[in-house]
Structures are given as C-alpha cells and as structure tokens.
Amino acid sequence: MPKIGVLDSGVGGLTTVSAIMKQIEDVDVVYYADNGAGIYGNLSDAEIQATAYKGLKKLFASGAVMAVLACNTATVTSVEALRKRFRREIVGTEPAVRLAAGKSVTLVTAATARTLRYKKLAQAACTETVVLPELAAVIEKGKEHFDEALDMVISALENKSFDSVVLGCTHYVFLKERLKEAFPRAYIVDGNEGVAKRVERLLRNESGGEAAIGGDIKMIFSGENRKKTYSELLEDLRNSR
C-alpha cells in the first residue's frame with residue numbers, strides 16, 4: 001500500500017502529521033526532520049531549496065508515493081522549483097491567510113516574509129505581517145520552552161489590534177491552544193487541516209478510493225536523533241482536540 005513522506009526542518013511538521021492522522025484514520029508516514037540544517041526560516045532561499053531537495057530525495061527513495069512540505073518557509077521559497085525537479089506529487093503548506101476573519105496578523109519567519117509568493121498572499125488578504133526570527137528555534141528546543149515562546153508572541157502582539165492570528169509556520173502551531181487562552185477573542189488559524197484534506201484526496205485517488213493505509217510512522221533525522229522527544233510531542237498532538 002502507498003505511504004507518504006513529510007518533511008520539515010524540525011518538530012513543526014509533526015503538527016501536520018497529527019492533522020493528517022486525524023483526517024485519515026490510518027496512514028503510513030515517513031517523517032524527515034532536517035534538524036541538521038537548522039531552522040529553515042533563518043537560511044537563504046538557495047540553502048532552503050538545496051537541503052529540502054536532499055530530504056525529499058530520501059523520502060521518495062524510501063517508497064513514498066507523495067511528499068508533504070510541512071513547512072511554510074520551504075513551500076513559499078521552493079515548492080515550484082522542487083516540483084519541477086522531481087515531477088512527483090508534492091503538497092505544500094502556505095500561511096493560511098485566506099482563512100482569517102476580520103483584521104488579521106500573520107506570524108512568519110524571516111525567510112517567509114521576504115518571498116514574493118508570501119507578499120502576494122499577504123497583500124491579497126490585507127493581513128499585517130509579524131516576523132519572529134527566533135520563535136521557531138525556541139519551540140524546536142522542546143515543550144519545556146513553549147511558555148517562553150508564548151511570551152515572545154504576546155510581546156510581539158501586545159500593541160496590535162486584530163481579530164485573527166495566522167500561524168504561518170508549523171512550529172508555531174504547538175502554541176495554538178496557549179494562544180487561544182492568551183487571546184480568547186481572537187481566531188487562531190493554521191493551514192494544517194487543509195493540507196490533511198488535500199493529502200486524503202490524493203491518497204484516495206492513488207489507492208482507488210481507500211485512504212486507510214497502515215498507521216506506522218518512521219522518523220529520519222539529518223542531525224541529532226531525537227526520536228523520543230518527537231514521538232512524545234506527536235503523541236501529545238494526537239491526544240489533543
């Protein structure tokens with residue numbers, strides 16, 4: 001049966017994996033954590049594309065029938081070029097600015113903010129961009145640093161007026177429930193559900209209508225093997241609402 005590959009620079013893509021597993025009852029996943037390259041949001045466009053290419057190559061070599069770029073930064077900088085190089089199904093993840101309600105702010109990495117693709121999305125949605133260069137790196141350290149990360153977001157938003165907060169990095173989704181508590185009147189949104197629905201549709205086409213394909217997850221790390229920490233974070237996500 002087919003399986004999917006999921007790539008991110010670290011823990012952020014686990015939020016996408018969780019959304020996929022909630023959308024599809026059983027799914028086989030090969031997860032490539034490119035933690036050896038560092039947070040993509042702090043790299044140049046050329047570095048992002050080069051390291052994402054290596055990760056996707058490993059995922060397709062592992063037998064994945066499609067891949068998910070579970071990283072907003074990798075998507076807005078590189079997805080079109082990567083699709084041309086592989087000529088395989090690659091699902092991207094973009095800041096979900098279209099899902100925002102009312103006046104919105106969108107939290108992104110520095111690399112995402114500078115791309116033309118993101119700028120066009122932000123302009124069309126009339127969202128205010130808030131760049132948080134160090135936030136993903138703090139979240140990558142683990143859940144014992146999530147309160148520190150939350151304080152960074154609160155500080156960045158304290159003088160702004162908004163109805164919605166768009167989480168434009170999959171790492172940031174780990175803060176979603178905390179942000180709902182910190183900003184109870186705001187709509188907190190990310191793009192993971194849309195990605196999961198897209199994957200489900202593609203898998204149904206691939207398997208002739210059957211989307212339930214297993215239930216295992218294999219993790220590959222380009223840097224330090226943090227399988228225990230990542231597995232615990234994924235379990236927390238899968239047990240949440």
# chains A, B, ... in the order shown; residues from 1 in each chain; ligands from 1

call {"tool": "closest_atom_pairs", "arguments": {"of": "region 188-237 of chain A", "to": "region 176-182 of chain A", "cutoff": "12 Å", "atoms": "only C-alpha atoms", "output": "tab-separated table"}}
result
residue	atom	partner	partner_atom	distance
A:Ile188	CA	A:Lys180	CA	6.6
A:Val189	CA	A:Lys176	CA	8.1
A:Asp190	CA	A:Lys176	CA	8.7
A:Asn192	CA	A:Lys176	CA	11.9
A:Leu237	CA	A:Glu177	CA	10.8

call {"tool": "residues_around", "arguments": {"residues": "region 24-32 of chain A", "least_positions_apart": "4", "cutoff": "9 Å", "atoms": "only C-alpha atoms", "output": "number ranges by chain"}}
result
A: 1-10, 13-14, 17, 19-20, 55-56, 58-59, 62, 64, 196-197, 199-200, 211-222

call {"tool": "write_last_selection", "arguments": {"atoms": "N, CA and C atoms", "output": "mmCIF file, in the first residue's frame"}}
result
data_model
loop_
_atom_site.group_PDB
_atom_site.id
_atom_site.type_symbol
_atom_site.label_atom_id
_atom_site.label_comp_id
_atom_site.auth_asym_id
_atom_site.auth_seq_id
_atom_site.Cartn_x
_atom_site.Cartn_y
_atom_site.Cartn_z
ATOM 1 N N MET A 1 0.848 -1.197 0.000
ATOM 2 C CA MET A 1 0.000 0.000 0.000
ATOM 3 C C MET A 1 0.886 1.251 0.000
ATOM 4 N N PRO A 2 0.377 2.373 -0.521
ATOM 5 C CA PRO A 2 1.183 3.598 -0.588
ATOM 6 C C PRO A 2 1.438 4.209 0.781
ATOM 7 N N LYS A 3 2.480 5.025 0.846
ATOM 8 C CA LYS A 3 2.775 5.769 2.061
ATOM 9 C C LYS A 3 3.215 7.168 1.663
ATOM 10 N N ILE A 4 3.169 8.084 2.618
ATOM 11 C CA ILE A 4 3.539 9.465 2.320
ATOM 12 C C ILE A 4 4.796 9.856 3.076
ATOM 13 N N GLY A 5 5.522 10.806 2.503
ATOM 14 C CA GLY A 5 6.672 11.389 3.167
ATOM 15 C C GLY A 5 6.334 12.791 3.630
ATOM 16 N N VAL A 6 6.842 13.172 4.773
ATOM 17 C CA VAL A 6 6.610 14.511 5.315
ATOM 18 C C VAL A 6 7.958 15.107 5.706
ATOM 19 N N LEU A 7 8.209 16.339 5.267
ATOM 20 C CA LEU A 7 9.493 16.983 5.524
ATOM 21 C C LEU A 7 9.319 18.312 6.231
ATOM 22 N N ASP A 8 10.153 18.543 7.227
ATOM 23 C CA ASP A 8 10.242 19.847 7.889
ATOM 24 C C ASP A 8 11.646 20.001 8.453
ATOM 25 N N SER A 9 11.972 21.208 8.881
ATOM 26 C CA SER A 9 13.296 21.451 9.449
ATOM 27 C C SER A 9 13.421 20.934 10.874
ATOM 28 N N GLY A 10 12.296 20.512 11.462
ATOM 29 C CA GLY A 10 12.342 20.025 12.842
ATOM 30 C C GLY A 10 10.989 19.528 13.301
ATOM 31 N N GLY A 13 6.683 20.062 11.574
ATOM 32 C CA GLY A 13 5.906 19.195 10.704
ATOM 33 C C GLY A 13 5.124 18.122 11.434
ATOM 34 N N LEU A 14 5.453 17.883 12.700
ATOM 35 C CA LEU A 14 4.662 16.932 13.482
ATOM 36 C C LEU A 14 3.228 17.423 13.643
ATOM 37 N N VAL A 17 1.614 16.196 10.552
ATOM 38 C CA VAL A 17 1.411 14.752 10.648
ATOM 39 C C VAL A 17 0.195 14.444 11.514
ATOM 40 N N ALA A 19 -2.410 16.337 12.073
ATOM 41 C CA ALA A 19 -3.625 16.708 11.334
ATOM 42 C C ALA A 19 -3.963 15.658 10.287
ATOM 43 N N ILE A 20 -2.949 15.131 9.610
ATOM 44 C CA ILE A 20 -3.171 14.094 8.605
ATOM 45 C C ILE A 20 -3.731 12.835 9.257
ATOM 46 N N GLY A 55 16.240 16.174 1.372
ATOM 47 C CA GLY A 55 15.256 15.491 2.198
ATOM 48 C C GLY A 55 14.185 14.805 1.376
ATOM 49 N N LEU A 56 13.669 15.492 0.362
ATOM 50 C CA LEU A 56 12.643 14.892 -0.490
ATOM 51 C C LEU A 56 13.193 13.694 -1.245
ATOM 52 N N LYS A 58 15.388 11.594 -0.195
ATOM 53 C CA LYS A 58 15.383 10.464 0.739
ATOM 54 C C LYS A 58 13.971 9.911 0.923
ATOM 55 N N LEU A 59 12.990 10.807 0.992
ATOM 56 C CA LEU A 59 11.604 10.374 1.200
ATOM 57 C C LEU A 59 11.100 9.566 0.007
ATOM 58 N N SER A 62 12.570 6.201 -0.118
ATOM 59 C CA SER A 62 12.029 5.293 0.907
ATOM 60 C C SER A 62 10.735 4.628 0.458
ATOM 61 N N ALA A 64 7.915 6.584 -0.638
ATOM 62 C CA ALA A 64 6.771 7.489 -0.525
ATOM 63 C C ALA A 64 6.189 7.783 -1.901
ATOM 64 N N ALA A 196 -4.087 18.346 5.274
ATOM 65 C CA ALA A 196 -4.546 16.985 5.554
ATOM 66 C C ALA A 196 -5.660 16.561 4.591
ATOM 67 N N LYS A 197 -6.580 17.470 4.301
ATOM 68 C CA LYS A 197 -7.667 17.145 3.371
ATOM 69 C C LYS A 197 -7.135 16.934 1.956
ATOM 70 N N VAL A 199 -4.102 15.819 1.208
ATOM 71 C CA VAL A 199 -3.431 14.516 1.227
ATOM 72 C C VAL A 199 -4.457 13.389 1.134
ATOM 73 N N GLU A 200 -5.550 13.519 1.856
ATOM 74 C CA GLU A 200 -6.587 12.482 1.823
ATOM 75 C C GLU A 200 -7.146 12.307 0.409
ATOM 76 N N ALA A 211 -8.394 5.134 1.668
ATOM 77 C CA ALA A 211 -7.406 6.044 2.248
ATOM 78 C C ALA A 211 -6.731 5.472 3.487
ATOM 79 N N ALA A 212 -7.285 4.422 4.072
ATOM 80 C CA ALA A 212 -6.691 3.837 5.266
ATOM 81 C C ALA A 212 -5.557 2.906 4.852
ATOM 82 N N ILE A 213 -4.329 3.260 5.199
ATOM 83 C CA ILE A 213 -3.204 2.521 4.617
ATOM 84 C C ILE A 213 -2.162 2.067 5.633
ATOM 85 N N GLY A 214 -2.493 1.995 6.885
ATOM 86 C CA GLY A 214 -1.484 1.468 7.803
ATOM 87 C C GLY A 214 -1.572 2.023 9.199
ATOM 88 N N GLY A 215 -0.662 2.932 9.548
ATOM 89 C CA GLY A 215 -0.677 3.504 10.870
ATOM 90 C C GLY A 215 0.695 3.682 11.478
ATOM 91 N N ASP A 216 1.738 3.350 10.755
ATOM 92 C CA ASP A 216 3.094 3.457 11.282
ATOM 93 C C ASP A 216 3.726 4.798 10.915
ATOM 94 N N ILE A 217 4.659 5.254 11.744
ATOM 95 C CA ILE A 217 5.452 6.426 11.404
ATOM 96 C C ILE A 217 6.923 6.097 11.632
ATOM 97 N N LYS A 218 7.713 6.360 10.619
ATOM 98 C CA LYS A 218 9.158 6.193 10.699
ATOM 99 C C LYS A 218 9.780 7.577 10.676
ATOM 100 N N MET A 219 10.761 7.823 11.542
ATOM 101 C CA MET A 219 11.402 9.129 11.609
ATOM 102 C C MET A 219 12.856 9.047 11.171
ATOM 103 N N ILE A 220 13.239 9.996 10.332
ATOM 104 C CA ILE A 220 14.610 10.117 9.853
ATOM 105 C C ILE A 220 15.114 11.499 10.233
ATOM 106 N N PHE A 221 16.314 11.585 10.782
ATOM 107 C CA PHE A 221 16.892 12.858 11.210
ATOM 108 C C PHE A 221 18.167 13.131 10.433
ATOM 109 N N SER A 222 18.305 14.354 9.932
ATOM 110 C CA SER A 222 19.549 14.716 9.256
ATOM 111 C C SER A 222 20.616 15.116 10.263
#

call {"tool": "residues_around", "arguments": {"residues": "Cys169 (chain A)", "least_positions_apart": "6", "cutoff": "9 Å", "atoms": "only C-alpha atoms", "output": "ChimeraX atom specification"}}
result
/A:12,41,70-73,93-95,107-109,112,136,190

call {"tool": "atom_distance", "arguments": {"atom1": "CA of Ser161 (chain A)", "atom2": "CA of Thr75 (chain A)"}}
result
28.3 Å

call {"tool": "atom_distance", "arguments": {"atom1": "CA of Ile154 (chain A)", "atom2": "CA of Gly168 (chain A)"}}
result
15.7 Å

call {"tool": "closest_residue", "arguments": {"among": "A:Met21, A:Leu233, A:Ala111, A:Ile39", "to": "Phe146 (chain A)", "atoms": "only C-alpha atoms"}}
result
A:Leu233

call {"tool": "closest_residue", "arguments": {"among": "A:Val105, A:Cys126, A:Val79, A:Leu132", "to": "Lys160 (chain A)", "atoms": "only C-alpha atoms"}}
result
A:Val105

call {"tool": "select_by_dssp", "arguments": {"residues": "region 36-97 of chain A", "states": "strand (DSSP E)", "output": "PDB file with all heavy atoms, in the first residue's frame"}}
result
ATOM      1  N   MET A  66       4.036  10.216  -2.406  1.00  0.00           N
ATOM      2  CA  MET A  66       3.926  11.665  -2.455  1.00  0.00           C
ATOM      3  C   MET A  66       4.649  12.222  -1.247  1.00  0.00           C
ATOM      4  O   MET A  66       4.975  11.490  -0.306  1.00  0.00           O
ATOM      5  CB  MET A  66       2.462  12.119  -2.440  1.00  0.00           C
ATOM      6  CG  MET A  66       1.769  11.945  -1.094  1.00  0.00           C
ATOM      7  SD  MET A  66       0.046  12.487  -1.100  1.00  0.00           S
ATOM      8  CE  MET A  66      -0.680  11.135  -2.049  1.00  0.00           C
ATOM      9  N   ALA A  67       4.901  13.533  -1.271  1.00  0.00           N
ATOM     10  CA  ALA A  67       5.577  14.166  -0.145  1.00  0.00           C
ATOM     11  C   ALA A  67       4.833  15.425   0.253  1.00  0.00           C
ATOM     12  O   ALA A  67       4.199  16.089  -0.581  1.00  0.00           O
ATOM     13  CB  ALA A  67       7.023  14.495  -0.506  1.00  0.00           C
ATOM     14  N   VAL A  68       4.927  15.746   1.524  1.00  0.00           N
ATOM     15  CA  VAL A  68       4.348  16.968   2.064  1.00  0.00           C
ATOM     16  C   VAL A  68       5.476  17.853   2.569  1.00  0.00           C
ATOM     17  O   VAL A  68       6.275  17.424   3.404  1.00  0.00           O
ATOM     18  CB  VAL A  68       3.374  16.670   3.223  1.00  0.00           C
ATOM     19  CG1 VAL A  68       2.804  17.971   3.795  1.00  0.00           C
ATOM     20  CG2 VAL A  68       2.249  15.748   2.769  1.00  0.00           C
ATOM     21  N   LEU A  69       5.547  19.066   2.047  1.00  0.00           N
ATOM     22  CA  LEU A  69       6.446  20.068   2.624  1.00  0.00           C
ATOM     23  C   LEU A  69       5.705  20.680   3.802  1.00  0.00           C
ATOM     24  O   LEU A  69       4.914  21.612   3.640  1.00  0.00           O
ATOM     25  CB  LEU A  69       6.786  21.146   1.597  1.00  0.00           C
ATOM     26  CG  LEU A  69       7.848  20.843   0.558  1.00  0.00           C
ATOM     27  CD1 LEU A  69       8.035  22.049  -0.357  1.00  0.00           C
ATOM     28  CD2 LEU A  69       9.176  20.492   1.211  1.00  0.00           C
ATOM     29  N   ILE A  90       3.949  16.802  -4.726  1.00  0.00           N
ATOM     30  CA  ILE A  90       4.470  17.460  -3.525  1.00  0.00           C
ATOM     31  C   ILE A  90       3.415  18.447  -3.041  1.00  0.00           C
ATOM     32  O   ILE A  90       3.071  19.397  -3.742  1.00  0.00           O
ATOM     33  CB  ILE A  90       5.797  18.192  -3.810  1.00  0.00           C
ATOM     34  CG1 ILE A  90       6.870  17.214  -4.277  1.00  0.00           C
ATOM     35  CG2 ILE A  90       6.268  18.934  -2.551  1.00  0.00           C
ATOM     36  CD1 ILE A  90       8.169  17.888  -4.712  1.00  0.00           C
ATOM     37  N   VAL A  91       2.895  18.200  -1.857  1.00  0.00           N
ATOM     38  CA  VAL A  91       1.875  19.064  -1.261  1.00  0.00           C
ATOM     39  C   VAL A  91       2.571  20.125  -0.418  1.00  0.00           C
ATOM     40  O   VAL A  91       3.388  19.796   0.446  1.00  0.00           O
ATOM     41  CB  VAL A  91       0.901  18.249  -0.387  1.00  0.00           C
ATOM     42  CG1 VAL A  91      -0.129  19.170   0.274  1.00  0.00           C
ATOM     43  CG2 VAL A  91       0.214  17.171  -1.216  1.00  0.00           C
TER      44      VAL A  91
END

call {"tool": "atom_distance", "arguments": {"atom1": "CA of Asn35 (chain A)", "atom2": "CA of Ala110 (chain A)"}}
result
17.9 Å

call {"tool": "closest_residue", "arguments": {"among": "A:Leu99, A:Ala50, A:Leu121, A:Leu150", "to": "Val138 (chain A)", "atoms": "only C-alpha atoms"}}
result
A:Leu150

call {"tool": "closest_residue", "arguments": {"among": "A:Val166, A:Leu43, A:Leu157, A:Val76", "to": "Pro133 (chain A)", "atoms": "only C-alpha atoms"}}
result
A:Leu43
